[in-house]
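Colleague: Input: one structure, supplied below.
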Amino acid sequence: KVEITVGDEIAITVTLHNAGQKEQRAVRWEAPLLPWDGSFRGPASPVVNLPAGGRTSSVIRACFMSRGQHQLDPFRAVALLPLRLSQGAPLRTPSARFIVVPRVARVQSVAMPKNRRHQPGGVARASRTGDATDLLGVRPYRPGDPMRDLHARSWARHGSPMVREYQEEYFTRFGIVLDTDSAAASRQHVEGALSLTAGIIACLCRGEALVDVLVTGEHVARLALGRSLGALDQALDLLAVVRPQPGFASERALAHLTPHLERLSSIVLVAVTWDDVRAAFVAAIRARGVGCVVLIVGDEAARTASATTVPLSAIVQGEAISL
């Protein structure tokens, strides 16, 4: 799976190899047509001479400006016949599929409630930093394991260092709700909200918390990212295919969240505007005993008791953002 960030240039290397016994005096490679949002940035298709057994490579750069699944059609290589008035049968590369993901905003910190929730049975394979744990068993020692977890009896029995493996019972788990209301904000503001959401998830995953669930419009996804459980790529793939829709379906979003609220410490709402509908949604979450942090993608920075407004310009220009 190949991921490309929206707006970033990528380098595509085209390599031609003459596996025959005869020199190919004029070989040209041809680039395919790109999807509507893509463009090539580089030299035109070169004509090269390839000696027997020779190899040559060319690099062309491309850029894609829209999120989502993409397909790159095959490149072609053709041998030009004398006088270059015609050409031989083309050779084609395989086509390639890739996904264009939103840019990750540079979120440096997010002020979130630190209350932990009890997780019956714990979360297997999560890295251990907490205080309430259950013993899962023993396993071979790995560099970096705490010395206090060495298990002498198992070490003696196996003849190699063994350590205890634990499972935590208390975690800080967050949910993310993304507002993609295309009727309330411009396309740039919605894309900014996607970028900000990606930056928040990346920031939270660097700490001790788990990012557990992501709600976007009509869709809900379980993530379980952070604490060695998952990679940011999973969230980026989900955000890459989000399609803005008019309106904010607060009742549907609340219905998606309800099964998860018992184990969530807090919710982050990334909104594109603030009104009574969104205020009622936040109040309903807080009434269930779960904290809710509201971040609005707007035009100017502002901070009130209800929400923090993050300027779209700061997101687009890649400024460091502390929330």
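Labels for the structure tokens follow display order: chains A, B, ..., residues from 1 in each chain, ligands from 1.
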Report the closest atom pair, with its distance in Å rounded to one decimal, for each residue of range 165-271 of chain A that has an atom no farther than 10 Å from range 302-313 of chain A; count only C-alpha atoms, sort by chain and then rising residue number, and write it as a Markdown table.

Modeller:
| residue | atom | partner | partner_atom | distance |
| --- | --- | --- | --- | --- |
| A:Gln188 | CA | A:Leu312 | CA | 8.0 |
| A:His189 | CA | A:Leu312 | CA | 6.5 |
| A:Val190 | CA | A:Leu312 | CA | 9.6 |
| A:Glu191 | CA | A:Leu312 | CA | 9.4 |
| A:Gly192 | CA | A:Leu312 | CA | 6.1 |
| A:Ala193 | CA | A:Leu312 | CA | 8.4 |
| A:Ser195 | CA | A:Leu312 | CA | 9.9 |
| A:Leu196 | CA | A:Val310 | CA | 8.8 |
| A:Leu269 | CA | A:Ala307 | CA | 9.5 |
| A:Val270 | CA | A:Thr309 | CA | 9.8 |
| A:Ala271 | CA | A:Thr309 | CA | 9.2 |

Colleague: Write the residues you've just listed into a file as a tab-separated table (two decimals), in the first residue's frame, and include C-alpha atoms for each of them.

Modeller:
chain	number	residue	atom	x	y	z
A	188	GLN	CA	-10.91	24.76	2.39
A	189	HIS	CA	-12.28	24.81	5.95
A	190	VAL	CA	-13.50	21.21	5.70
A	191	GLU	CA	-10.10	20.10	4.37
A	192	GLY	CA	-8.51	22.06	7.21
A	193	ALA	CA	-10.68	20.15	9.68
A	195	SER	CA	-5.87	17.98	8.47
A	196	LEU	CA	-6.38	19.16	12.05
A	269	LEU	CA	-15.13	17.47	18.37
A	270	VAL	CA	-13.41	19.06	15.37
A	271	ALA	CA	-16.06	21.40	13.95

Colleague: Can you tell me which residues surround Val163 in chain A at a distance of at most 9 Å, considering only C-alpha atoms, apart from same-chain residues fewer than 6 positions away, and format the answer as a compact mmCIF listing (two decimals) with C-alpha atoms, in the first residue's frame?

Modeller:
# COMPACT_ATOMS: atom_id res chain seq x y z
CA GLY A 137 2.24 -14.60 31.30
CA VAL A 138 5.93 -14.69 30.48
CA ARG A 139 7.79 -14.25 27.20
CA PRO A 140 11.42 -14.01 25.99
CA TYR A 141 13.29 -10.86 27.01
CA ARG A 142 13.53 -8.10 24.42
CA ASP A 145 12.29 -4.49 28.78
CA PRO A 146 12.47 -3.31 32.45
CA MET A 147 14.83 -5.34 34.61
CA ARG A 148 12.16 -5.54 37.30
CA ASP A 149 10.03 -7.71 34.99
CA LEU A 150 12.63 -10.49 34.68
CA HIS A 151 11.22 -13.82 35.86
CA ALA A 152 14.01 -15.88 37.45
CA SER A 154 11.26 -19.10 33.84
CA TRP A 155 14.77 -17.94 32.97

Colleague: Determine the nearest neighbour of Thr5 in chain A from the options A:His260, A:Arg103, A:Arg252, A:Arg164, counting only C-alpha atoms.

Modeller: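 Closest to Thr5 in chain A, using only C-alpha atoms: A:Arg103.
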
Colleague: Compile the contact shell of Val48 in chain A as a PyMOL selection string: residues with an atom at most 12 Å away, counting only C-alpha atoms, same-chain residues fewer than 5 positions apart removed.

Modeller: chain A and resi 15-18+23-29+54-58+77-80

Colleague: Write a file of the just-selected residues containing C-alpha atoms, as a tab-separated table (two decimals), in the first residue's frame.

Modeller:
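The result, written out as part-v1.tsv:
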chain	number	residue	atom	x	y	z
A	15	THR	CA	13.92	2.17	-15.51
A	16	LEU	CA	14.55	0.73	-18.98
A	17	HIS	CA	16.62	-2.45	-19.33
A	18	ASN	CA	17.75	-3.91	-22.64
A	23	GLU	CA	21.65	-2.25	-29.18
A	24	GLN	CA	18.41	-0.26	-29.17
A	25	ARG	CA	19.32	3.09	-30.63
A	26	ALA	CA	16.14	5.04	-29.96
A	27	VAL	CA	13.83	4.07	-27.11
A	28	ARG	CA	11.25	6.43	-25.71
A	29	TRP	CA	9.13	6.04	-22.59
A	54	GLY	CA	22.27	-1.71	-20.72
A	55	ARG	CA	20.03	0.00	-18.22
A	56	THR	CA	18.93	3.59	-17.77
A	57	SER	CA	16.59	5.38	-15.37
A	58	SER	CA	14.65	8.61	-15.50
A	77	ALA	CA	8.35	2.10	-23.60
A	78	VAL	CA	8.57	1.99	-27.41
A	79	ALA	CA	11.45	1.54	-29.83
A	80	LEU	CA	11.47	4.16	-32.60

Colleague: Per DSSP on the backbone, filter range 2-57 of chain A down to the residues in strand (DSSP E) and report them as a ChimeraX atom specification.

Modeller: /A:3-5,9-17,24-30,38-41,47-50,55-57

Colleague: By how many Å are CA of Gly38 in chain A and CA of Met65 in chain A apart?

Modeller: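 That distance, rounded to one decimal, is 6.5 Å.
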
Colleague: Using only C-alpha atoms, which of the listed residues (A:Ala111, A:Ala253, A:Ile200, A:Arg243) sits closest to Val220 in chain A?

Modeller: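 The closest residue to Val220 in chain A is A:Ala253.
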
Colleague: Go through A:Ala221, A:Leu257, A:Val6, A:Ala231 and flag the residue nearest Pro102 in chain A, using only C-alpha atoms for the distances.

Modeller: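 Under the stated criterion, the closest residue is A:Val6.
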
Colleague: For each of A:Pro74, A:Gly53, A:Pro46, A:Pro82, take the minimum atom-to-atom distance to Pro94 in chain A, counting only C-alpha atoms, then give the residue where this is smallest.

Modeller: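 Looking only at the distances to Pro94 in chain A, the closest residue turns out to be A:Pro74.
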
Colleague: For Asp179 in chain A, which residue among A:Val277, A:Ala287, A:Ile4, A:Leu91 is the nearest when counting only C-alpha atoms?

Modeller: A:Val277

Colleague: Would you please work out which residue, of A:Ile285, A:Leu34, A:Ala279, A:Val272, is nearest to Gly298 in chain A when using only C-alpha atoms?

Modeller: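 Using only C-alpha atoms, the shortest distance to Gly298 in chain A belongs to A:Val272.
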
Colleague: Mind giving me the straight-line distance from CA of Leu323 in chain A to CA of Gly291 in chain A in Å, one decimal?

Modeller: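 According to the coordinates, CA of Leu323 in chain A and CA of Gly291 in chain A are separated by 15.5 Å.
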
Colleague: How many Å lie between CA of Gly88 in chain A and CA of Pro32 in chain A, rounded to one decimal?

Modeller: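 Interatomic distance, CA of Gly88 in chain A to CA of Pro32 in chain A: 17.8 Å.
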